[in-house]
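Below is structure_24.txt, holding compact mmCIF, C-alpha atoms and all ligand atoms.
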```
# COMPACT_ATOMS: atom_id res chain seq x y z
CA MET J 11 -26.65 87.15 127.75
CA ALA J 12 -24.95 89.33 130.32
CA LEU J 13 -24.34 87.95 133.78
CA GLU J 14 -26.71 89.30 136.38
CA LYS J 15 -25.45 91.45 139.23
CA PRO J 16 -27.76 90.70 142.14
CA TYR J 17 -25.21 92.23 144.51
CA GLN J 18 -26.10 95.68 143.20
CA ASP J 19 -29.03 95.60 145.60
CA ILE J 20 -26.68 95.65 148.59
CA PRO J 21 -26.61 99.14 150.14
CA GLY J 22 -23.37 101.12 150.35
CA THR J 23 -21.32 98.44 148.65
CA ILE J 24 -19.37 98.34 145.40
CA VAL J 25 -18.32 94.86 144.35
CA PHE J 26 -14.96 94.66 142.61
CA ASP J 27 -16.28 92.72 139.64
CA ALA J 28 -15.03 92.52 136.07
CA ASP J 29 -16.45 95.90 135.07
CA MET J 30 -14.92 97.67 138.08
CA SER J 31 -11.61 95.89 137.60
CA ARG J 32 -11.42 96.99 133.97
CA LYS J 33 -12.36 100.54 134.91
CA GLY J 34 -9.80 100.63 137.70
CA TYR J 35 -6.91 98.70 136.19
CA HIS J 36 -4.48 101.62 135.89
CA LEU J 37 -5.68 103.19 139.13
CA ASN J 38 -4.97 99.98 141.02
CA GLN J 39 -1.61 99.47 139.35
CA PHE J 40 -0.78 103.07 140.28
CA PHE J 41 -1.60 102.24 143.93
CA MET J 42 0.60 99.16 143.60
CA SER J 43 3.54 101.33 142.53
CA LEU J 44 3.42 102.87 146.02
CA MET J 45 4.72 99.59 147.44
CA LYS J 46 8.20 100.83 146.53
CA ALA J 47 9.83 103.32 148.91
CA GLU J 48 11.37 105.38 146.10
CA ASN J 49 7.97 105.78 144.45
CA ARG J 50 6.34 106.82 147.73
CA LYS J 51 9.01 109.46 148.09
CA ARG J 52 8.50 110.79 144.57
CA PHE J 53 4.72 110.77 145.01
CA LEU J 54 4.84 112.66 148.29
CA ALA J 55 7.26 115.23 146.85
CA ASP J 56 4.83 116.13 144.05
CA GLU J 57 1.59 114.17 144.05
CA LYS J 58 0.15 115.81 140.97
CA ALA J 59 3.25 115.24 138.85
CA TYR J 60 3.46 111.59 139.90
CA VAL J 61 -0.21 110.94 139.25
CA ASP J 62 0.09 112.57 135.82
CA GLU J 63 2.59 109.90 134.82
CA TRP J 64 -0.25 107.36 134.93
CA PRO J 65 -3.06 106.93 132.37
CA LEU J 66 -5.79 107.81 134.89
CA THR J 67 -9.07 109.62 134.31
CA ASP J 68 -9.63 113.05 135.82
CA LEU J 69 -12.00 111.57 138.40
CA GLN J 70 -9.46 108.94 139.40
CA LYS J 71 -6.79 111.62 139.82
CA GLN J 72 -9.22 113.74 141.83
CA GLY J 73 -9.98 110.81 144.12
CA VAL J 74 -6.29 110.27 144.78
CA LEU J 75 -5.28 113.91 145.23
CA GLU J 76 -8.25 114.79 147.45
CA LYS J 77 -8.00 111.51 149.43
CA ASP J 78 -11.63 110.94 148.46
CA TYR J 79 -11.63 107.19 148.99
CA ASN J 80 -15.23 106.64 148.00
CA LEU J 81 -14.52 108.35 144.70
CA CYS J 82 -11.51 106.03 144.24
CA ILE J 83 -13.74 103.00 144.87
CA GLU J 84 -16.44 104.32 142.50
CA GLN J 85 -13.79 104.76 139.83
CA GLY J 86 -12.64 101.15 140.02
CA GLY J 87 -10.28 101.19 142.97
CA ASN J 88 -10.08 98.09 145.12
CA ILE J 89 -9.65 98.47 148.86
CA TYR J 90 -6.50 96.34 149.14
CA PHE J 91 -4.82 98.40 146.42
CA LEU J 92 -6.19 101.67 147.79
CA ALA J 93 -4.66 100.72 151.14
CA LYS J 94 -1.21 101.43 149.66
CA LEU J 95 -2.29 105.08 149.48
CA PHE J 96 -3.34 105.01 153.16
CA TYR J 97 0.09 103.66 154.13
CA THR J 98 1.87 106.19 151.94
CA HIS J 99 0.09 108.92 153.92
CA THR J 100 0.83 106.95 157.13
CA GLN J 101 -2.89 106.93 157.80
CA PRO J 102 -4.07 104.04 159.97
CA PHE J 103 -6.32 101.65 158.07
CA GLU J 104 -9.29 101.95 160.40
CA ARG J 105 -9.17 105.76 160.26
CA ALA J 106 -8.99 105.72 156.48
CA VAL J 107 -11.94 103.35 156.27
CA SER J 108 -13.98 105.56 158.60
CA THR J 109 -13.75 108.44 156.10
CA MET J 110 -15.78 106.38 153.63
CA THR J 111 -18.75 106.13 155.98
CA GLY J 112 -19.60 109.77 156.62
CA MET J 113 -18.70 109.29 160.30
CA THR J 114 -15.85 110.84 162.23
CA PRO J 115 -13.03 108.42 163.11
CA GLU J 116 -14.21 108.57 166.73
CA GLU J 117 -17.81 107.78 165.83
CA TYR J 118 -16.65 104.93 163.62
CA ARG J 119 -14.45 103.45 166.33
CA ALA J 120 -17.29 103.71 168.82
CA MET J 121 -19.57 101.88 166.39
CA MET J 122 -16.99 99.09 165.99
CA LEU J 123 -16.52 98.81 169.75
CA SER J 124 -20.25 98.44 170.20
CA GLY J 125 -20.39 95.49 167.80
CA GLY J 126 -20.04 97.06 164.36
CA ARG J 127 -22.55 98.29 161.83
CA PRO J 128 -25.69 96.18 162.24
CA ILE J 129 -27.04 94.12 159.38
CA GLU J 130 -30.60 95.28 160.10
CA GLY J 131 -31.43 98.04 157.66
CA ASN J 132 -28.26 97.35 155.68
CA ARG J 133 -29.20 94.17 153.81
CA SER J 134 -31.07 95.33 150.76
CA ILE J 135 -31.91 98.54 148.94
CA LYS J 136 -35.22 97.03 147.84
CA GLU J 137 -36.14 95.95 151.37
CA ASN J 138 -35.28 99.39 152.71
CA GLN J 139 -37.50 101.05 150.11
CA GLY J 140 -40.33 98.65 151.01
CA ASP J 141 -40.10 99.79 154.63
CA LYS J 142 -40.96 103.36 153.75
CA MET Z 15 1.53 57.75 154.26
CA ALA Z 16 0.89 61.40 155.07
CA ARG Z 17 -2.37 62.38 156.74
CA ILE Z 18 -4.30 65.52 157.64
CA SER Z 19 -4.99 65.30 161.35
CA SER Z 20 -6.24 68.76 162.37
CA ALA Z 21 -7.63 71.98 161.00
CA VAL Z 22 -7.23 75.47 162.39
CA PHE Z 23 -9.42 78.37 161.32
CA SER Z 24 -8.63 81.98 162.02
CA SER Z 25 -9.21 85.47 160.76
CA HIS Z 26 -6.07 87.15 159.43
CA ILE Z 27 -6.12 90.78 160.44
CA PRO Z 28 -3.10 93.04 159.78
CA ALA Z 29 -3.69 95.06 162.97
CA VAL Z 30 -3.42 91.85 165.01
CA GLY Z 31 0.01 91.24 163.49
CA ALA Z 32 0.98 94.82 164.27
CA ALA Z 33 -0.11 94.38 167.91
CA ILE Z 34 2.16 91.32 168.20
CA ASP Z 35 5.09 93.04 166.49
CA LEU Z 36 4.72 96.24 168.54
CA GLY Z 37 4.13 94.40 171.82
CA THR Z 38 0.71 95.93 172.53
CA THR Z 39 -1.12 92.61 172.93
CA GLY Z 40 -1.72 93.24 176.64
CA ASN Z 41 -3.57 96.53 176.33
CA GLU Z 42 -7.26 96.98 176.96
CA TYR Z 43 -8.20 96.81 173.29
CA TRP Z 44 -6.17 93.75 172.32
CA SER Z 45 -6.03 91.56 175.43
CA PRO Z 46 -9.48 89.97 174.86
CA VAL Z 47 -8.32 88.95 171.38
CA PHE Z 48 -5.12 87.30 172.59
CA LYS Z 49 -6.88 85.60 175.53
CA GLY Z 50 -8.86 83.73 172.91
CA PHE Z 51 -5.61 82.25 171.60
CA GLU Z 52 -4.05 81.18 174.91
CA TYR Z 53 -5.45 77.66 174.69
CA SER Z 54 -4.56 77.59 170.99
CA LYS Z 55 -0.89 78.27 171.59
CA LYS Z 56 -0.73 75.46 174.14
CA TRP Z 57 -2.58 73.09 171.85
CA GLN Z 58 -0.32 74.07 168.98
CA ALA Z 59 2.85 73.47 171.02
CA ASP Z 60 1.55 70.00 171.97
CA ASN Z 61 0.45 69.24 168.44
CA THR Z 62 3.12 70.65 166.17
CA PRO Z 63 2.71 69.07 162.74
CA ASP Z 64 5.39 68.39 160.17
CA VAL Z 65 3.67 70.56 157.59
CA ILE Z 66 0.83 73.07 157.50
CA ILE Z 67 -1.10 73.62 154.31
CA LEU Z 68 -2.10 77.22 154.88
CA VAL Z 69 -5.07 78.41 152.85
CA TYR Z 70 -5.06 82.20 152.60
CA ASN Z 71 -5.31 85.04 150.14
CA ASP Z 72 -2.74 87.54 149.03
CA HIS Z 73 -3.90 91.17 149.47
CA ALA Z 74 -2.24 92.92 146.54
CA SER Z 75 1.15 92.22 148.12
CA ALA Z 76 2.77 89.56 145.95
CA PHE Z 77 0.16 89.58 143.20
CA ASP Z 78 -1.46 92.55 141.51
CA LEU Z 79 -3.96 92.78 138.66
CA ARG Z 80 -1.49 91.66 136.00
CA VAL Z 81 -2.13 88.01 136.88
CA VAL Z 82 -4.97 86.79 139.09
CA PRO Z 83 -4.72 83.06 139.82
CA THR Z 84 -7.91 81.61 141.29
CA PHE Z 85 -6.00 78.88 143.15
CA GLY Z 86 -2.23 78.98 143.67
CA ILE Z 87 0.19 76.73 145.51
CA GLY Z 88 3.62 77.81 146.74
CA CYS Z 89 6.16 75.19 145.70
CA SER Z 90 9.50 76.73 146.65
CA GLU Z 91 11.86 76.18 149.58
CA GLU Z 92 11.35 79.48 151.34
CA PHE Z 93 8.98 82.45 151.48
CA GLU Z 94 9.90 85.78 152.98
CA SER Z 95 7.53 88.18 154.68
CA ALA Z 96 6.18 90.81 152.26
CA ASP Z 97 6.56 94.56 152.71
CA GLU Z 98 2.93 95.67 152.65
CA GLY Z 99 3.79 99.35 152.80
CA TRP Z 100 5.12 99.73 156.36
CA GLY Z 101 8.13 97.39 156.09
CA PRO Z 102 8.17 93.58 156.27
CA ARG Z 103 6.94 92.05 159.55
CA PRO Z 104 9.90 91.11 161.80
CA ILE Z 105 9.33 87.38 161.58
CA PRO Z 106 11.40 84.43 160.38
CA PRO Z 107 11.09 83.31 156.78
CA VAL Z 108 8.59 80.54 156.11
CA GLN Z 109 10.12 77.21 155.10
CA GLY Z 110 8.12 75.48 152.39
CA HIS Z 111 7.86 71.80 151.59
CA PRO Z 112 8.55 71.53 147.85
CA ASP Z 113 8.21 67.73 147.71
CA LEU Z 114 4.72 67.72 149.18
CA ALA Z 115 3.68 70.94 147.41
CA TRP Z 116 4.64 69.62 143.98
CA HIS Z 117 3.00 66.31 144.76
CA ILE Z 118 -0.24 68.08 145.74
CA ALA Z 119 -0.12 70.31 142.66
CA GLN Z 120 0.21 67.32 140.35
CA SER Z 121 -2.37 65.25 142.18
CA VAL Z 122 -5.11 67.88 142.30
CA ILE Z 123 -4.50 69.05 138.73
CA LEU Z 124 -4.97 65.47 137.55
CA ASP Z 125 -8.10 65.48 139.71
CA SER Z 126 -9.36 68.43 137.56
CA PHE Z 127 -8.46 71.32 139.89
CA ASP Z 128 -6.30 73.62 137.80
CA MET Z 129 -3.85 75.04 140.30
CA THR Z 130 -1.38 77.77 139.44
CA ILE Z 131 2.12 76.76 140.51
CA CYS Z 132 3.85 79.70 142.21
CA ASN Z 133 7.54 79.77 143.06
CA ASP Z 134 8.89 83.22 143.63
CA PHE Z 135 6.72 85.36 145.89
CA LYS Z 136 6.50 86.78 149.37
CA VAL Z 137 3.78 86.01 151.89
CA ASP Z 138 1.64 88.72 153.48
CA HIS Z 139 -0.44 89.09 156.65
CA GLY Z 140 -2.97 86.61 155.30
CA LEU Z 141 -0.47 83.84 156.00
CA THR Z 142 1.81 85.30 158.64
CA VAL Z 143 -0.70 86.68 161.16
CA PRO Z 144 -2.29 83.27 161.84
CA LEU Z 145 1.22 81.79 162.21
CA SER Z 146 2.06 84.42 164.84
CA LEU Z 147 -1.24 83.86 166.65
CA MET Z 148 -0.62 80.13 166.94
CA PHE Z 149 3.16 80.02 167.43
CA GLY Z 150 3.96 83.36 169.03
CA GLN Z 151 7.34 84.86 168.19
CA PRO Z 152 9.85 82.00 167.70
CA GLU Z 153 13.30 82.44 166.14
CA ALA Z 154 12.24 80.01 163.44
CA TRP Z 155 8.81 78.54 162.67
CA PRO Z 156 8.68 75.03 164.14
CA CYS Z 157 7.28 73.35 161.03
CA ARG Z 158 7.08 73.70 157.29
CA VAL Z 159 4.30 75.64 155.60
CA ILE Z 160 2.82 75.30 152.12
CA PRO Z 161 1.15 78.57 151.09
CA PHE Z 162 -2.14 77.83 149.36
CA MET Z 163 -3.60 80.96 147.80
CA VAL Z 164 -7.17 81.65 146.79
CA ASN Z 165 -8.33 84.71 144.91
CA VAL Z 166 -11.03 86.38 146.98
CA ILE Z 167 -10.39 89.97 145.87
CA GLN Z 168 -11.33 89.98 142.22
CA TYR Z 169 -15.00 89.04 141.97
CA PRO Z 170 -15.93 86.26 141.50
CA PRO Z 171 -13.84 84.13 143.84
CA PRO Z 172 -14.23 80.38 143.42
CA THR Z 173 -17.60 79.14 144.68
CA GLY Z 174 -18.03 77.57 148.09
CA ARG Z 175 -18.91 74.31 146.36
CA ARG Z 176 -15.70 74.39 144.33
CA CYS Z 177 -13.66 75.10 147.45
CA PHE Z 178 -15.35 72.24 149.28
CA GLU Z 179 -14.58 69.81 146.45
CA LEU Z 180 -10.99 71.03 146.26
CA GLY Z 181 -10.62 70.26 149.95
CA LYS Z 182 -11.53 66.64 149.26
CA ALA Z 183 -8.98 66.46 146.45
CA LEU Z 184 -6.37 67.90 148.79
CA ARG Z 185 -7.07 65.26 151.40
CA LYS Z 186 -6.73 62.54 148.78
CA ALA Z 187 -3.49 64.07 147.50
CA VAL Z 188 -1.95 64.19 150.98
CA GLU Z 189 -2.93 60.57 151.64
CA LEU Z 190 -1.19 59.52 148.42
CA PHE Z 191 2.11 61.03 149.56
CA ASP Z 192 4.56 58.28 150.53
CA GLU Z 193 6.40 59.93 153.39
CA ASP Z 194 4.89 59.58 156.85
CA LEU Z 195 3.94 63.19 157.60
CA ASN Z 196 1.55 64.73 160.07
CA VAL Z 197 -0.16 67.54 158.15
CA HIS Z 198 -2.46 70.26 159.46
CA ILE Z 199 -4.62 72.40 157.24
CA TRP Z 200 -5.53 75.97 158.10
CA GLY Z 201 -8.36 78.05 156.69
CA THR Z 202 -7.93 81.76 157.20
CA GLY Z 203 -9.73 85.06 156.59
CA GLY Z 204 -13.17 86.26 157.63
CA MET Z 205 -15.32 86.58 159.50
CA SER Z 206 -17.92 89.21 158.65
CA HIS Z 207 -16.31 92.47 157.65
CA GLN Z 208 -16.58 95.18 155.06
CA LEU Z 209 -13.63 97.48 154.54
CA GLN Z 210 -14.97 99.66 151.79
CA TYR Z 211 -17.56 102.24 150.80
CA LYS Z 212 -20.51 103.52 152.79
CA ARG Z 213 -21.46 100.24 154.46
CA ALA Z 214 -17.92 99.76 155.84
CA GLY Z 215 -17.86 98.44 159.38
CA LEU Z 216 -20.59 95.85 158.85
CA ILE Z 217 -20.48 93.00 161.38
CA ASN Z 218 -23.01 90.17 161.49
CA ARG Z 219 -22.49 88.29 164.71
CA GLU Z 220 -25.46 85.96 164.42
CA TRP Z 221 -24.50 84.96 160.89
CA ASP Z 222 -20.87 84.35 161.90
CA LEU Z 223 -21.79 82.17 164.89
CA ASN Z 224 -24.11 80.15 162.72
CA PHE Z 225 -21.39 79.77 160.09
CA MET Z 226 -18.95 78.40 162.69
CA ASN Z 227 -21.54 76.02 164.07
CA THR Z 228 -22.47 74.69 160.66
CA LEU Z 229 -18.84 74.46 159.61
CA ILE Z 230 -18.26 72.01 162.46
CA ASN Z 231 -21.41 69.95 162.18
CA ASP Z 232 -22.66 70.09 158.61
CA PRO Z 233 -20.08 71.86 156.47
CA GLU Z 234 -21.52 70.80 153.14
CA GLU Z 235 -24.62 72.84 153.96
CA LEU Z 236 -22.44 75.96 153.68
CA THR Z 237 -21.75 75.24 150.01
CA LYS Z 238 -25.28 76.52 149.34
CA ILE Z 239 -24.31 80.06 150.26
CA THR Z 240 -24.06 82.08 147.06
CA HIS Z 241 -21.57 84.88 146.51
CA PRO Z 242 -24.21 87.65 146.70
CA GLU Z 243 -25.36 86.14 150.01
CA TYR Z 244 -21.84 86.20 151.43
CA ILE Z 245 -21.44 89.84 150.44
CA ARG Z 246 -24.88 90.81 151.72
CA ASP Z 247 -24.65 89.01 155.07
CA ALA Z 248 -20.91 88.92 155.81
CA GLY Z 249 -19.75 92.06 153.98
CA SER Z 250 -17.80 92.60 150.78
CA GLU Z 251 -14.62 91.25 152.39
CA GLY Z 252 -16.39 88.52 154.38
CA ILE Z 253 -16.63 86.50 151.17
CA GLU Z 254 -13.11 85.25 151.93
CA LEU Z 255 -14.79 82.70 154.23
CA VAL Z 256 -15.00 80.39 151.20
CA MET Z 257 -11.39 79.57 152.10
CA TRP Z 258 -12.55 77.94 155.34
CA LEU Z 259 -14.49 75.41 153.28
CA ILE Z 260 -11.30 74.11 151.66
CA ALA Z 261 -9.72 73.40 155.03
CA ARG Z 262 -12.89 71.98 156.55
CA SER Z 263 -13.58 69.48 153.81
CA ALA Z 264 -9.90 68.48 153.68
CA LEU Z 265 -10.19 67.31 157.30
CA GLY Z 266 -13.05 64.88 156.60
CA SER Z 267 -16.56 64.77 158.01
CA GLN Z 268 -16.15 63.45 161.57
CA VAL Z 269 -14.31 65.89 163.82
CA ASP Z 270 -13.74 66.73 167.47
CA GLU Z 271 -14.00 70.39 168.39
CA LYS Z 272 -11.08 71.48 170.55
CA HIS Z 273 -11.59 75.22 170.69
CA ARG Z 274 -13.93 77.96 169.53
CA PHE Z 275 -13.51 81.71 169.87
CA TYR Z 276 -15.30 84.76 168.52
CA HIS Z 277 -14.64 88.41 169.20
CA VAL Z 278 -15.76 91.81 167.88
CA PRO Z 279 -14.04 94.04 166.97
CA ALA Z 280 -10.50 93.51 165.82
CA SER Z 281 -9.97 96.72 163.88
CA ASN Z 282 -12.78 96.60 161.25
CA THR Z 283 -13.38 92.89 161.52
CA ALA Z 284 -15.11 90.11 163.45
CA LEU Z 285 -12.47 87.64 164.53
CA GLY Z 286 -13.39 83.95 164.45
CA HIS Z 287 -11.21 81.00 165.42
CA LEU Z 288 -11.68 77.23 165.60
CA ILE Z 289 -9.51 74.19 166.21
CA LEU Z 290 -10.84 70.87 164.96
CA GLU Z 291 -9.21 67.45 165.13
CA LYS Z 292 -10.08 64.50 163.00
CA ALA Z 293 -12.31 62.26 165.12
CA GLY Z 294 -10.56 59.32 166.73
CA ASN Z 295 -7.20 60.89 166.05
FE FE J 301 -7.89 88.21 153.46
```

Let me see the file written as structure tokens.
Ligand SMILES: [Fe+2]
Amino acid sequence: MALEKPYQDIPGTIVFDADMSRKGYHLNQFFMSLMKAENRKRFLADEKAYVDEWPLTDLQKQGVLEKDYNLCIEQGGNIYFLAKLFYTHTQPFERAVSTMTGMTPEEYRAMMLSGGRPIEGNRSIKENQGDK
Amino acid sequence: MARISSAVFSSHIPAVGAAIDLGTTGNEYWSPVFKGFEYSKKWQADNTPDVIILVYNDHASAFDLRVVPTFGIGCSEEFESADEGWGPRPIPPVQGHPDLAWHIAQSVILDSFDMTICNDFKVDHGLTVPLSLMFGQPEAWPCRVIPFMVNVIQYPPPTGRRCFELGKALRKAVELFDEDLNVHIWGTGGMSHQLQYKRAGLINREWDLNFMNTLINDPEELTKITHPEYIRDAGSEGIELVMWLIARSALGSQVDEKHRFYHVPASNTALGHLILEKAGN
């Protein structure tokens, strides 16, 4: 019997479980390669050529090349691996994270300064549907 | 006989390390965070142990997806600061304690906790930021540190219950060590935070404060929190709080609270911090 995934009811969240890890293995190892300065340099010189050296799917490549971080996460990327891409682009972590939320970096920072995203309304997809 | 006399709990946030390294701790954004550690630095200077067992997680710095150990213990002499993509932090290398680390590894494995023995790796912000918060910027760290890694990135991490039981085995292992050592145990990571996808930025103050309270007074109660509950209430990255349970149970049930601090935000994260001493210490 398959293991249940009760966490799929949590809104706006992708849990890096076995299925995601398998899907994202090469993508995450690609991110890991950016820990080396010489690889960062090669990547920045020609992103497409560097990405093509890796056995990634078209969607994974698209996520990387378009800096579409939600797409990267959907395609099996894990945030701590994805962060290597932020650093390669010298993009501050908080700014990079804000792009995943549909907010501007300023709106996101203001939300964090006022106590963060509230749990109310963000606990459960089922609960939210029940409210309507 | 060695003994665990105190436990320190703290979030480990890369931006906090950057503020220390760049000297921006006094600005408007960061000063409330560092105020919360003023007492801690004094306490730490007055209570410097021989060894810290530092429970933390690696964040795809030393370990990637090729090998994912659930529990790892650093057994070598020295650990350098990892380059996480912006150069290694300008801090002294961490001196390990191979005698105690190997002793613990053997003891807890024979107690049915299957540790992975790790020798050659670098330590990232998970370990080094709490060190900087407690000790400031010394030329050399004033005590030895045993890195104790927990996987909290690849789901599922070990359960809270398993972490709590491991803490007990750790305490027993330390007490079986012949040399007379004063040992502290640190639990790091947390508190509520989510760094990914559309719900990023989640903070759950009420849940965090309750977690800290219960950790002090009735820690075993926290072993009932399931993984989906951690993720739901504390965010996808908040699940790393299971690491606090290792340190808390290693200290033993009766404790004196020395310090408690909570602040939002530190970058994307709620910062929590506690200092507990074994009662009657
Ligand atoms: Fe962490």

- Can you tell me, as a list in words, what residues are no more than 10 Å from Ser90 in chain Z when counting only C-alpha atoms, ignoring any on the same chain fewer than 3 positions away? Ile87, Phe93, Gln109, Gly110, His111, Pro112, Asp113, Ala115, Trp116, Ile131, Cys132, Asn133, Asp134, Phe135, Ile160 and Pro161 of chain Z

- Message: Would you mind listing, as a PyMOL selection string, all residues of chain J that have at least one atom within 6 Å of chain Z, where all atoms listed in the file are what counts?
- Response: chain J and resi 17+22-23+26-27+45+80+90+97+110-111+122+125-127+133

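Listed by chain and then residue number, the contacts of ligand FE 301 (chain J) are Ser25, His26, Ile27, Tyr70, Asn71, Asp72, His73, Gly140, Val166, Thr202, Gly203, Gly204, Glu251 and Glu254 of chain Z (distance at most 8 Å, using all atoms listed in the file).
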
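You will find CA of Leu66 in chain J at 24.0 Å from CA of Phe103 in chain J.
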
Starting from the point (-7.9, 112.5, 141.6), work out which residues of protein, DNA or RNA have an atom no more than 12 Å away when counting all atoms listed in the file; state them as a PDB file with C-alpha atoms, keeping the file's coordinate frame.
```pdb
ATOM      1  CA  LEU J  37      -5.680 103.190 139.130  1.00  0.00           C
ATOM      2  CA  PHE J  40      -0.780 103.070 140.280  1.00  0.00           C
ATOM      3  CA  GLU J  57       1.590 114.170 144.050  1.00  0.00           C
ATOM      4  CA  LYS J  58       0.150 115.810 140.970  1.00  0.00           C
ATOM      5  CA  ALA J  59       3.250 115.240 138.850  1.00  0.00           C
ATOM      6  CA  TYR J  60       3.460 111.590 139.900  1.00  0.00           C
ATOM      7  CA  VAL J  61      -0.210 110.940 139.250  1.00  0.00           C
ATOM      8  CA  ASP J  62       0.090 112.570 135.820  1.00  0.00           C
ATOM      9  CA  TRP J  64      -0.250 107.360 134.930  1.00  0.00           C
ATOM     10  CA  PRO J  65      -3.060 106.930 132.370  1.00  0.00           C
ATOM     11  CA  LEU J  66      -5.790 107.810 134.890  1.00  0.00           C
ATOM     12  CA  THR J  67      -9.070 109.620 134.310  1.00  0.00           C
ATOM     13  CA  ASP J  68      -9.630 113.050 135.820  1.00  0.00           C
ATOM     14  CA  LEU J  69     -12.000 111.570 138.400  1.00  0.00           C
ATOM     15  CA  GLN J  70      -9.460 108.940 139.400  1.00  0.00           C
ATOM     16  CA  LYS J  71      -6.790 111.620 139.820  1.00  0.00           C
ATOM     17  CA  GLN J  72      -9.220 113.740 141.830  1.00  0.00           C
ATOM     18  CA  GLY J  73      -9.980 110.810 144.120  1.00  0.00           C
ATOM     19  CA  VAL J  74      -6.290 110.270 144.780  1.00  0.00           C
ATOM     20  CA  LEU J  75      -5.280 113.910 145.230  1.00  0.00           C
ATOM     21  CA  GLU J  76      -8.250 114.790 147.450  1.00  0.00           C
ATOM     22  CA  LYS J  77      -8.000 111.510 149.430  1.00  0.00           C
ATOM     23  CA  ASP J  78     -11.630 110.940 148.460  1.00  0.00           C
ATOM     24  CA  TYR J  79     -11.630 107.190 148.990  1.00  0.00           C
ATOM     25  CA  ASN J  80     -15.230 106.640 148.000  1.00  0.00           C
ATOM     26  CA  LEU J  81     -14.520 108.350 144.700  1.00  0.00           C
ATOM     27  CA  CYS J  82     -11.510 106.030 144.240  1.00  0.00           C
ATOM     28  CA  ILE J  83     -13.740 103.000 144.870  1.00  0.00           C
ATOM     29  CA  GLU J  84     -16.440 104.320 142.500  1.00  0.00           C
ATOM     30  CA  GLN J  85     -13.790 104.760 139.830  1.00  0.00           C
ATOM     31  CA  GLY J  87     -10.280 101.190 142.970  1.00  0.00           C
TER      32      GLY J  87
END
```

- Work out how far apart CA of Ile239 in chain Z and CA of Arg175 in chain Z are and give it in Å to one decimal. 8.8 Å

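Note that CA of Ala154 in chain Z and CA of Val47 in chain Z are 23.8 Å apart.
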
- For Asn132 in chain J, list every protein, DNA or RNA residue within 8 Å, evaluated using all atoms listed in the file, and leave out those in the same chain fewer than 2 positions away; present the list as a ChimeraX atom specification. /J:20-21,128-130,134-135,138 /Z:213

Restrict the selected residues to C-alpha atoms and save them as a short mmCIF file (atom, residue, chain, number, x, y, z; two decimals), in the coordinates of the input.
```
data_model
loop_
_atom_site.label_atom_id
_atom_site.label_comp_id
_atom_site.auth_asym_id
_atom_site.auth_seq_id
_atom_site.Cartn_x
_atom_site.Cartn_y
_atom_site.Cartn_z
CA ILE J 20 -26.68 95.65 148.59
CA PRO J 21 -26.61 99.14 150.14
CA PRO J 128 -25.69 96.18 162.24
CA ILE J 129 -27.04 94.12 159.38
CA GLU J 130 -30.60 95.28 160.10
CA SER J 134 -31.07 95.33 150.76
CA ILE J 135 -31.91 98.54 148.94
CA ASN J 138 -35.28 99.39 152.71
CA ARG Z 213 -21.46 100.24 154.46
#
```

Selection near Phe162 in chain Z, 6 Å with all atoms listed in the file, sequence-local residues under 4 positions removed, as a short mmCIF file (atom, residue, chain, number, x, y, z; two decimals) with C-alpha atoms, keeping the file's coordinate frame:
```cif
data_model
loop_
_atom_site.label_atom_id
_atom_site.label_comp_id
_atom_site.auth_asym_id
_atom_site.auth_seq_id
_atom_site.Cartn_x
_atom_site.Cartn_y
_atom_site.Cartn_z
CA LEU Z 68 -2.10 77.22 154.88
CA VAL Z 69 -5.07 78.41 152.85
CA GLY Z 86 -2.23 78.98 143.67
CA ILE Z 87 0.19 76.73 145.51
#
```

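For range 268-274 of chain Z, the list of residues within 10 Å, based on only C-alpha atoms and with local chain neighbours fewer than 4 positions off taken out, reads Ser19, Ser20, Ala21, Val22, Phe23, Gly50, Phe51, Tyr53, Ser54, Trp57, Met226, Asn227, Ile230, Asn231, Asp232, Arg262, Gly286, His287, Leu288, Ile289, Leu290, Glu291, Lys292, Ala293, Gly294 and Asn295 of chain Z.
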
- Message: Which residues are close to Lys33 in chain J, i.e. within 7 Å by all atoms listed in the file, leaving aside same-chain residues fewer than 3 positions away? Reply as a ChimeraX atom specification.
- Response: /J:29-30,85-86

- Message: Taking (-3.7, 66.3, 152.0) as a centre in this file's frame and 12 Å as the limit, can you find every polymer residue with an atom that close, using all atoms listed in the file, and give them as number ranges by chain?
- Response: Z: 15-21, 65-68, 114-115, 117-119, 121-122, 160, 162, 180-192, 194-200, 260-266
